[in-house]
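Heads up, query25.cif below (mmCIF, C-alpha atoms):
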```cif
data_my_file
#
loop_
_atom_site.label_atom_id
_atom_site.label_comp_id
_atom_site.auth_asym_id
_atom_site.auth_seq_id
_atom_site.Cartn_x
_atom_site.Cartn_y
_atom_site.Cartn_z
CA MET A 20 101.59 129.20 147.16
CA ASP A 21 102.96 125.72 147.32
CA ILE A 22 106.56 126.76 146.64
CA PHE A 23 106.72 128.95 149.73
CA THR A 24 105.58 126.22 152.07
CA LYS A 25 107.98 123.82 150.43
CA LEU A 26 110.82 126.24 151.07
CA GLY A 27 109.76 126.45 154.68
CA ILE A 28 108.52 129.99 154.53
CA ASP A 29 105.88 130.85 157.06
CA TRP A 30 104.38 134.32 156.73
CA LYS A 31 103.99 134.60 160.48
CA LEU A 32 107.69 133.96 160.96
CA LEU A 33 108.47 136.29 158.09
CA ILE A 34 106.55 139.13 159.68
CA ALA A 35 108.06 138.32 163.04
CA GLN A 36 111.55 138.55 161.55
CA VAL A 37 110.70 141.82 159.86
CA ILE A 38 109.41 143.24 163.12
CA ASN A 39 112.38 141.92 165.01
CA PHE A 40 114.76 143.55 162.58
CA GLY A 41 112.73 146.72 162.58
CA ILE A 42 112.89 146.98 166.34
CA LEU A 43 116.62 146.30 166.34
CA PHE A 44 117.11 148.89 163.61
CA TRP A 45 115.12 151.47 165.48
CA ILE A 46 116.86 150.85 168.79
CA LEU A 47 120.33 150.89 167.28
CA ARG A 48 119.62 154.03 165.30
CA ARG A 49 118.08 155.79 168.24
CA TYR A 50 120.50 154.70 170.94
CA ALA A 51 123.71 153.71 169.18
CA TYR A 52 124.33 155.36 165.84
CA GLN A 53 122.88 158.78 166.47
CA PRO A 54 124.64 159.32 169.79
CA MET A 55 127.80 157.92 168.26
CA PHE A 56 127.58 160.34 165.35
CA ASP A 57 126.95 163.25 167.68
CA PHE A 58 129.73 162.08 169.89
CA LEU A 59 132.21 161.67 167.06
CA GLU A 60 131.26 165.03 165.64
CA LYS A 61 131.67 166.66 169.01
CA ARG A 62 135.08 165.15 169.41
CA THR A 63 136.07 166.13 165.87
CA THR A 64 135.06 169.72 166.47
CA ARG A 65 136.87 169.68 169.76
CA ILE A 66 140.06 168.37 168.20
CA GLU A 67 139.76 170.90 165.41
CA GLN A 68 139.27 173.62 167.99
CA GLY A 69 142.34 172.42 169.82
CA LEU A 70 144.41 172.43 166.65
CA LYS A 71 143.15 175.89 165.78
CA ASP A 72 144.03 177.12 169.23
CA ALA A 73 147.48 175.66 168.99
CA GLU A 74 147.98 177.30 165.61
CA ALA A 75 146.79 180.63 166.94
CA ALA A 76 149.15 180.29 169.88
CA THR A 77 152.05 179.59 167.53
CA VAL A 78 151.20 182.62 165.41
CA ARG A 79 150.95 184.76 168.50
CA LEU A 80 154.26 183.47 169.75
CA GLY A 81 155.87 184.41 166.45
CA GLU A 82 154.35 187.86 166.65
CA MET A 83 155.60 188.26 170.17
CA GLU A 84 159.06 187.20 169.15
CA VAL A 85 159.10 189.79 166.40
CA LYS A 86 157.85 192.41 168.82
CA GLU A 87 160.44 191.41 171.33
CA LYS A 88 163.16 191.76 168.72
CA VAL A 89 161.93 195.23 167.81
CA VAL A 90 161.82 196.26 171.43
CA LEU A 91 165.26 194.89 172.04
CA THR A 92 166.79 196.69 169.05
CA GLU A 93 165.10 199.89 170.16
CA ALA A 94 166.39 199.48 173.65
CA ARG A 95 169.87 198.74 172.38
CA ALA A 96 169.86 201.83 170.17
CA GLU A 97 168.68 203.94 173.04
CA ALA A 98 171.36 202.57 175.30
CA ARG A 99 173.96 203.33 172.67
CA ASN A 100 172.64 206.87 172.36
CA ILE A 101 172.75 207.34 176.09
CA ILE A 102 176.28 206.09 176.27
CA ALA A 103 177.37 208.27 173.38
CA SER A 104 175.82 211.37 174.86
CA ALA A 105 177.34 210.59 178.23
CA GLU A 106 180.72 210.17 176.67
CA GLU A 107 180.33 213.41 174.78
CA SER A 108 179.34 215.36 177.85
CA ALA A 109 182.16 213.80 179.79
CA LYS A 110 184.63 214.83 177.11
CA LYS A 111 183.25 218.34 177.09
CA ARG A 112 183.59 218.58 180.82
CA ASP A 113 187.13 217.26 180.63
CA THR A 114 188.19 219.85 178.10
CA GLU A 115 186.51 222.56 180.11
CA ARG A 116 188.27 221.49 183.23
CA GLU A 117 191.56 221.31 181.40
CA LYS A 118 191.11 224.81 180.13
CA GLU A 119 190.20 225.98 183.55
CA THR A 120 193.22 224.40 185.15
CA GLU A 121 195.41 225.80 182.43
CA THR A 122 194.18 229.28 183.03
CA LYS A 123 194.50 228.80 186.77
CA VAL A 124 198.07 227.62 186.41
CA LYS A 125 198.88 230.51 184.14
CA ARG A 126 197.39 232.91 186.59
CA LEU A 127 199.26 231.32 189.47
CA LEU A 128 202.49 231.47 187.55
CA GLU A 129 201.94 235.08 186.73
CA GLU A 130 201.08 235.86 190.30
CA ALA A 131 204.16 234.02 191.46
CA ALA A 132 206.34 235.89 188.98
CA ILE A 133 204.92 239.18 190.17
CA LYS A 134 205.45 238.28 193.75
CA ILE A 135 208.99 237.16 193.06
CA ARG A 136 209.75 240.40 191.30
CA GLU A 137 208.21 242.41 194.11
CA GLU A 138 210.17 240.47 196.67
CA LYS A 139 213.28 240.85 194.64
CA ASP A 140 212.68 244.56 194.42
CA ALA A 141 212.02 244.72 198.11
CA ILE A 142 215.15 242.74 198.87
CA MET A 143 217.13 244.86 196.50
CA THR A 144 216.00 248.07 198.11
CA GLU A 145 216.63 246.68 201.55
CA ALA A 146 220.02 245.40 200.49
CA LYS A 147 220.83 248.75 198.98
CA GLN A 148 219.80 250.43 202.14
CA GLU A 149 221.85 248.06 204.24
CA ILE A 150 224.78 248.34 201.93
CA GLY A 151 224.52 252.07 202.11
CA GLU A 152 224.39 251.94 205.83
CA LEU A 153 227.29 249.55 205.90
CA VAL A 154 229.23 251.78 203.57
CA ILE A 155 228.46 254.69 205.74
CA ILE A 156 229.48 252.83 208.88
CA SER A 157 232.63 251.44 207.31
CA VAL A 158 233.50 254.80 205.84
CA GLU A 159 232.99 256.28 209.22
CA LYS A 160 235.16 253.61 210.79
CA ILE A 161 237.83 254.00 208.19
CA LEU A 162 237.76 257.68 208.40
CA ARG A 163 237.95 257.45 212.16
CA GLU A 164 240.99 255.23 212.00
CA LYS A 165 244.21 256.35 210.45
CA VAL A 166 244.18 255.21 207.05
CA ASP A 167 247.48 254.53 205.40
CA VAL A 168 247.80 254.68 201.73
CA ILE A 169 248.14 251.02 201.19
CA LYS A 170 245.21 250.22 203.27
CA ASP A 171 243.30 252.82 201.52
CA LYS A 172 244.30 251.55 198.21
CA SER A 173 243.36 247.93 199.04
CA LEU A 174 240.20 249.16 200.56
CA ILE A 175 239.29 250.97 197.47
CA GLU A 176 240.23 247.99 195.39
CA GLY A 177 238.11 245.77 197.57
CA MET A 178 235.22 248.09 197.28
CA MET A 179 235.52 248.23 193.60
CA LYS A 180 235.17 244.51 193.30
CA MET B 60 104.58 126.62 169.24
CA LEU B 61 103.58 129.60 171.27
CA GLY B 62 99.88 130.05 170.86
CA SER B 63 99.35 130.09 167.15
CA PHE B 64 102.86 131.47 166.62
CA PRO B 65 105.50 128.96 165.66
CA VAL B 66 108.67 129.80 167.61
CA THR B 67 111.39 128.13 165.59
CA ASN B 68 114.94 127.59 166.67
CA SER B 69 116.26 130.05 164.11
CA PHE B 70 113.82 132.74 165.11
CA LEU B 71 114.87 132.31 168.70
CA ILE B 72 118.48 132.87 167.70
CA GLY B 73 117.53 135.95 165.72
CA PHE B 74 115.76 137.26 168.75
CA LEU B 75 118.69 136.45 171.04
CA VAL B 76 121.15 138.13 168.72
CA SER B 77 118.99 141.25 168.65
CA LEU B 78 118.73 141.18 172.39
CA GLY B 79 122.49 140.77 172.74
CA MET B 80 123.15 143.69 170.43
CA VAL B 81 120.73 145.88 172.33
CA LEU B 82 122.37 144.89 175.60
CA VAL B 83 125.83 145.67 174.27
CA THR B 84 124.58 149.00 173.02
CA TRP B 85 123.08 149.75 176.38
CA PHE B 86 126.31 148.73 178.06
CA ILE B 87 128.44 150.95 175.85
CA PHE B 88 126.22 153.98 175.98
CA ARG B 89 125.48 153.91 179.65
CA LYS B 90 128.28 156.39 179.97
CA LYS B 91 130.23 157.91 177.17
CA GLU B 92 133.66 159.29 177.64
CA LEU B 93 135.50 161.68 175.39
CA VAL B 94 138.59 159.58 175.79
CA PRO B 95 137.31 156.21 174.67
CA ARG B 96 138.37 152.93 176.16
CA GLY B 97 137.42 149.31 175.97
CA LEU B 98 134.29 148.29 174.15
CA GLN B 99 133.48 151.85 173.23
CA ASN B 100 136.70 151.92 171.24
CA VAL B 101 135.69 148.86 169.27
CA PHE B 102 132.30 150.28 168.50
CA GLU B 103 133.81 153.59 167.49
CA LEU B 104 136.21 151.84 165.20
CA ILE B 105 133.37 149.92 163.55
CA VAL B 106 131.28 153.05 163.14
CA GLU B 107 134.10 155.16 161.77
CA GLU B 108 135.39 152.56 159.34
CA LEU B 109 131.94 151.68 158.14
CA LEU B 110 131.03 155.33 157.75
CA SER B 111 134.13 156.11 155.75
CA PHE B 112 133.47 153.07 153.58
CA ILE B 113 129.89 154.08 152.96
CA GLU B 114 131.09 157.57 152.17
CA SER B 115 133.48 156.19 149.59
CA VAL B 116 130.54 154.52 147.88
CA THR B 117 127.99 157.32 148.10
CA GLU B 118 130.55 160.12 147.67
CA ASP B 119 128.27 162.24 149.81
CA LYS B 120 128.59 162.76 153.53
CA ALA B 121 124.96 163.54 154.24
CA GLN B 122 123.80 160.57 152.19
CA ALA B 123 126.29 158.32 153.93
CA LYS B 124 124.94 159.36 157.30
CA LYS B 125 121.40 158.78 156.12
CA TYR B 126 122.09 155.25 154.89
CA PHE B 127 124.45 154.32 157.67
CA PRO B 128 121.92 153.05 160.25
CA LEU B 129 120.30 150.58 157.85
CA ILE B 130 123.57 149.35 156.35
CA ALA B 131 125.26 149.04 159.73
CA THR B 132 122.33 147.24 161.27
CA ILE B 133 122.15 144.78 158.40
CA PHE B 134 125.88 144.22 158.53
CA LEU B 135 126.11 143.71 162.27
CA PHE B 136 122.97 141.63 162.55
CA VAL B 137 123.87 139.33 159.68
CA LEU B 138 127.46 139.06 160.91
CA PHE B 139 126.48 138.06 164.42
CA SER B 140 123.72 135.73 163.23
CA ASN B 141 126.24 134.01 160.99
CA TRP B 142 128.89 133.73 163.62
CA ILE B 143 126.67 132.65 166.45
CA GLY B 144 125.66 129.63 164.37
CA LEU B 145 129.27 128.48 164.60
CA LEU B 146 129.26 128.22 168.37
CA PRO B 147 129.57 124.62 169.49
CA GLY B 148 126.34 122.94 170.40
CA LEU B 149 124.18 125.36 168.49
CA GLY B 150 123.41 123.09 165.57
CA THR B 151 123.81 119.81 167.36
CA VAL B 152 122.11 119.92 170.72
CA GLY B 153 118.41 119.34 170.48
CA LEU B 154 115.51 117.02 170.62
CA SER B 155 115.79 113.64 169.03
CA HIS B 156 113.22 113.31 166.35
CA ILE B 157 112.23 110.37 164.27
CA LYS B 158 111.22 111.18 160.75
CA ASP B 159 110.66 108.76 157.92
CA GLY B 160 112.31 106.03 159.94
CA HIS B 161 115.54 108.05 160.44
CA SER B 162 116.60 109.47 163.75
CA THR B 163 117.46 113.13 163.36
CA ILE B 164 118.08 115.94 165.75
CA ILE B 165 116.05 119.08 165.82
CA PRO B 166 118.41 121.59 167.46
CA PHE B 167 117.12 124.06 169.99
CA LEU B 168 119.01 126.84 168.37
CA ARG B 169 119.99 127.33 164.77
CA SER B 170 121.64 130.12 162.88
CA THR B 171 119.06 132.61 161.74
CA SER B 172 120.70 133.06 158.38
CA ALA B 173 120.13 129.39 157.61
CA ASP B 174 116.44 130.07 157.70
CA LEU B 175 114.74 131.36 154.58
CA ASN B 176 112.22 133.28 156.63
CA PHE B 177 114.95 135.49 157.99
CA THR B 178 116.85 136.05 154.75
CA LEU B 179 113.64 136.71 152.85
CA ALA B 180 112.52 139.17 155.50
CA LEU B 181 115.83 140.97 155.40
CA SER B 182 115.99 141.14 151.62
CA LEU B 183 112.39 142.36 151.48
CA ILE B 184 113.30 145.11 153.91
CA ALA B 185 116.36 146.00 151.86
CA VAL B 186 114.63 146.04 148.48
CA ILE B 187 111.55 147.89 149.71
CA THR B 188 113.79 150.46 151.37
CA VAL B 189 115.64 150.84 148.08
CA GLN B 190 112.39 151.49 146.24
CA PHE B 191 111.24 154.05 148.78
CA THR B 192 114.60 155.78 148.81
CA GLY B 193 114.49 156.03 145.04
CA ILE B 194 110.98 157.47 145.09
CA VAL B 195 111.88 159.98 147.80
CA ALA B 196 115.04 161.05 146.00
CA LEU B 197 113.69 161.32 142.47
CA GLY B 198 109.96 161.67 142.91
CA ILE B 199 107.53 159.01 141.83
CA ILE B 200 107.66 160.08 138.18
CA GLY B 201 111.44 160.37 138.10
CA TYR B 202 111.81 156.98 139.67
CA GLY B 203 109.19 155.45 137.41
CA LYS B 204 111.10 156.68 134.38
CA LYS B 205 113.73 154.11 135.20
CA PHE B 206 111.36 151.27 134.41
CA LEU B 207 108.79 152.67 132.04
CA VAL B 208 110.59 154.10 129.07
CA SER B 209 108.70 155.52 126.14
CA PRO B 210 109.39 153.50 122.97
CA PHE B 211 109.32 156.70 120.84
CA HIS B 212 112.60 158.21 122.02
CA LYS B 213 116.22 157.68 121.17
CA PRO B 214 116.90 154.01 122.02
CA TYR B 215 113.28 153.33 121.00
CA VAL B 216 112.03 149.84 121.73
CA ILE B 217 115.33 148.75 123.26
CA GLY B 218 114.93 151.32 126.02
CA THR B 219 111.49 150.05 126.83
CA ILE B 220 112.63 146.48 127.03
CA VAL B 221 115.60 147.43 129.22
CA GLY B 222 113.21 149.29 131.51
CA ILE B 223 111.04 146.21 131.89
CA LEU B 224 114.13 144.14 132.54
CA GLU B 225 115.09 146.60 135.26
CA LEU B 226 111.69 146.12 136.82
CA VAL B 227 112.13 142.36 136.75
CA SER B 228 115.61 142.70 138.21
CA GLU B 229 114.18 144.54 141.20
CA VAL B 230 112.28 141.37 142.02
CA GLY B 231 115.37 139.38 141.15
CA LYS B 232 117.33 141.36 143.69
CA THR B 233 115.05 140.14 146.43
CA ILE B 234 115.43 136.55 145.42
CA SER B 235 119.18 136.74 144.94
CA PHE B 236 119.57 138.47 148.28
CA THR B 237 117.50 135.80 149.96
CA PHE B 238 119.17 132.78 148.49
CA ARG B 239 122.72 134.08 148.52
CA LEU B 240 122.77 134.49 152.26
CA PHE B 241 120.65 131.46 152.97
CA GLY B 242 122.63 129.22 150.64
CA ASN B 243 126.01 130.25 151.97
CA VAL B 244 125.20 129.89 155.63
CA PHE B 245 123.11 126.78 155.22
CA ALA B 246 125.79 125.13 153.09
CA GLY B 247 128.37 126.06 155.70
CA GLU B 248 126.28 124.52 158.41
CA VAL B 249 125.78 121.33 156.45
CA LEU B 250 129.45 121.19 155.58
CA LEU B 251 130.46 121.56 159.22
CA THR B 252 128.01 118.90 160.33
CA VAL B 253 129.23 116.49 157.69
CA MET B 254 132.85 117.10 158.62
CA LEU B 255 132.01 116.68 162.27
CA HIS B 256 130.47 113.31 161.52
CA LEU B 257 133.35 112.19 159.33
CA VAL B 258 136.26 113.12 161.57
CA PRO B 259 135.25 114.63 164.89
CA PHE B 260 138.68 116.06 165.71
CA PHE B 261 140.83 118.65 163.95
CA LEU B 262 139.43 118.20 160.47
CA PRO B 263 136.47 120.55 161.02
CA LEU B 264 138.82 123.27 162.22
CA PRO B 265 139.85 124.71 158.83
CA PHE B 266 136.25 124.60 157.77
CA MET B 267 135.36 126.44 160.93
CA PHE B 268 137.74 129.22 159.94
CA LEU B 269 136.32 129.12 156.45
CA GLU B 270 132.83 129.56 157.85
CA ILE B 271 133.94 132.48 160.02
CA PHE B 272 135.30 134.08 156.89
CA VAL B 273 132.19 133.25 154.88
CA GLY B 274 130.00 134.69 157.63
CA LEU B 275 131.91 137.97 157.44
CA ILE B 276 131.91 138.04 153.65
CA GLN B 277 128.19 137.40 153.43
CA ALA B 278 127.47 140.16 155.92
CA VAL B 279 129.66 142.52 153.91
CA VAL B 280 128.09 141.46 150.63
CA PHE B 281 124.55 141.85 151.89
CA SER B 282 125.10 145.29 153.36
CA MET B 283 127.24 146.57 150.51
CA LEU B 284 124.81 145.40 147.85
CA THR B 285 122.03 147.15 149.74
CA LEU B 286 124.17 150.28 149.83
CA VAL B 287 124.96 150.11 146.14
CA PHE B 288 121.31 149.57 145.26
CA LEU B 289 120.37 152.50 147.45
CA LYS B 290 122.91 154.68 145.70
CA MET B 291 121.78 153.52 142.26
CA ALA B 292 118.15 154.16 143.10
CA THR B 293 118.91 157.80 143.87
CA ILE B 294 120.68 158.43 140.57
CA PRO B 295 118.22 159.58 137.93
CA ALA B 296 117.89 157.52 134.77
CA GLU B 297 120.13 158.86 132.07
CA HIS B 298 118.36 159.43 128.78
#
```

Rewritten as structure tokens:
Amino acid sequence: MDIFTKLGIDWKLLIAQVINFGILFWILRRYAYQPMFDFLEKRTTRIEQGLKDAEAATVRLGEMEVKEKVVLTEARAEARNIIASAEESAKKRDTEREKETETKVKRLLEEAAIKIREEKDAIMTEAKQEIGELVIISVEKILREKVDVIKDKSLIEGMMK
Amino acid sequence: MLGSFPVTNSFLIGFLVSLGMVLVTWFIFRKKELVPRGLQNVFELIVEELLSFIESVTEDKAQAKKYFPLIATIFLFVLFSNWIGLLPGLGTVGLSHIKDGHSTIIPFLRSTSADLNFTLALSLIAVITVQFTGIVALGIIGYGKKFLVSPFHKPYVIGTIVGILELVSEVGKTISFTFRLFGNVFAGEVLLTVMLHLVPFFLPLPFMFLEIFVGLIQAVVFSMLTLVFLKMATIPAEH
């Protein structure tokens, strides 16, 4: 093949180049590309995992917020109920107490009225007694003394008053 | 000469580039960290971008991962071989050699891509890989149907002729691969040398940038064409 030698092609060199390239190809594939692929894939999966985790966390956060809201509204409603019932019971107690005091006051007033009447009666009887005694004494005195007509008359008038 | 094996300057560079890439790989993967920094970052960037690009061509993740090592190796190796030829002194420092009455320099080191042995080797690897990938994906009969079309079916004789043309183009691929890369890099080298001899200062600079760009483009073209051929080989012939 004259043309090959004229072009400077030497089959030994050709084969050497082929082998050289083959070795380079093999080494790069074995030690550069394959590890790099694995490595890139690993990192990709890791990043994807991270993104997934972040998404899951966001979803969970949302759920928790919703739950929190529910709990809060429940708690608020309960608190309102408690307050309402407390107010109601307090009102009840107040009215009860009012009634009680009212009845007590009434009773006291009645008792007082009774007592007053009794005392009045007692005083009246005593006074009557005393007056009677006084009348008796004064009558005795008057009768003992000499009673003139005028005196008697004025006396009578005074008594009549 | 090393024994009966001719160690040429360009082969030496190819070897050195390979060695450098292996060393860098070793350096990066000595310890991997989940939070990347430094060189690992650069490598990751290259891998990810290249992978996504390959995926956009193959439209299949598994296929992209399968083709990635070959495409990436071709791309990186060609890229670095092209660029390393631009380093100062690489094409100019060497033994003085008198040939046909002219004094020329045989450099110690020369860009691998400016050597037909390398580009031919690489394109042979690429094209043979394409054939094997096609056979594995479609089966030997399915793959053969691409080239040997019965003349008694719908497009009749035209189909047969197209099939034969396809077969020829598979050989053509090898040749076009070989000479595209070789021609571009070699022309760049010659251009730079000429410019350097014309005006040693400043003038070669834009051409230097041009060659950096060409080196990148050729690496991309070589690897992408390989990728496209791989993809095409796995698609069954439509009849």

(message) I need the residue nearest chain A from this list: B:Phe281, B:Phe272, B:Phe206, B:Phe238. Use all atoms listed in the file for the distance.
(response) B:Phe238

(request) Write out as a list in words the residues lying within 10 Å of Leu98 (chain B), counting only C-alpha atoms and excluding same-chain residues fewer than 6 positions away. (result)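 In the requested format, the answer is Val83, Thr84, Phe86, Ile87 and Leu104 of chain B.
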
(request) Using all atoms listed in the file, determine which residues of chain B fall within 8 Å of chain A; present them as JSON, numbers by chain. (result) {"B": [64, 65, 66, 70, 73, 74, 77, 81, 84, 85, 88, 93, 103, 106, 128, 129, 132, 175, 176, 177, 179, 180, 181, 184]}

(request) For Leu197 (chain B), work out the shell of residues within 9 Å, counting all atoms listed in the file and skipping chain neighbours fewer than 5 positions away, then give it as a VMD selection string. (result) chain B and resid 192 202 to 203 292 to 295

(request) Show which residues sit within 12 Å of region 218-232 of chain B, as a VMD selection string. Count only C-alpha atoms, and ignore same-chain residues fewer than 3 positions away. (result) chain B and resid 179 181 to 190 202 to 215 235 to 239 281 284 to 285 287 to 289 291 to 292 296 to 298

(message) Please report the interatomic distance between CA of Val76 (chain B) and CA of Phe136 (chain B) in Å with one decimal.
(response)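 So the two atoms, CA of Val76 (chain B) and CA of Phe136 (chain B), lie 7.3 Å apart.
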
Return the padded bounding box of region 139-151 of chain A as AutoDock Vina command-line options: axis-aligned, built from all atoms listed in the file, 5 Å added on each side, with centre and edge lengths in Å to one decimal.
```
--center_x 218.4 --center_y 246.5 --center_z 199.3 --size_x 22.8 --size_y 21.2 --size_z 19.8
```

(request) Please determine the residues with any atom at most 10 Å from (129.7, 134.0, 154.0) (coordinates as given in the file, with only C-alpha atoms counting) and report them as a list in words. (result)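 It turns out the residues near that spot are Val137, Leu138, Asn141, Trp142, Arg239, Leu240, Phe241, Gly242, Asn243, Val244, Phe245, Ala246, Gly247, Leu269, Glu270, Ile271, Phe272, Val273, Gly274, Leu275, Ile276, Gln277, Ala278, Val279, Val280 and Phe281 of chain B.
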
(request) Rounded to one decimal place, report the CA of Ile175 (chain A)-CA of Met143 (chain A) distance in Å. (result)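 That distance, rounded to one decimal, is 23.0 Å.
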
(message) My list of candidates is B:Ala196, B:Ile113, B:Phe139, B:Leu145. Which is closest to Leu264 (chain B) when distances are computed with all atoms listed in the file?
(response) B:Leu145
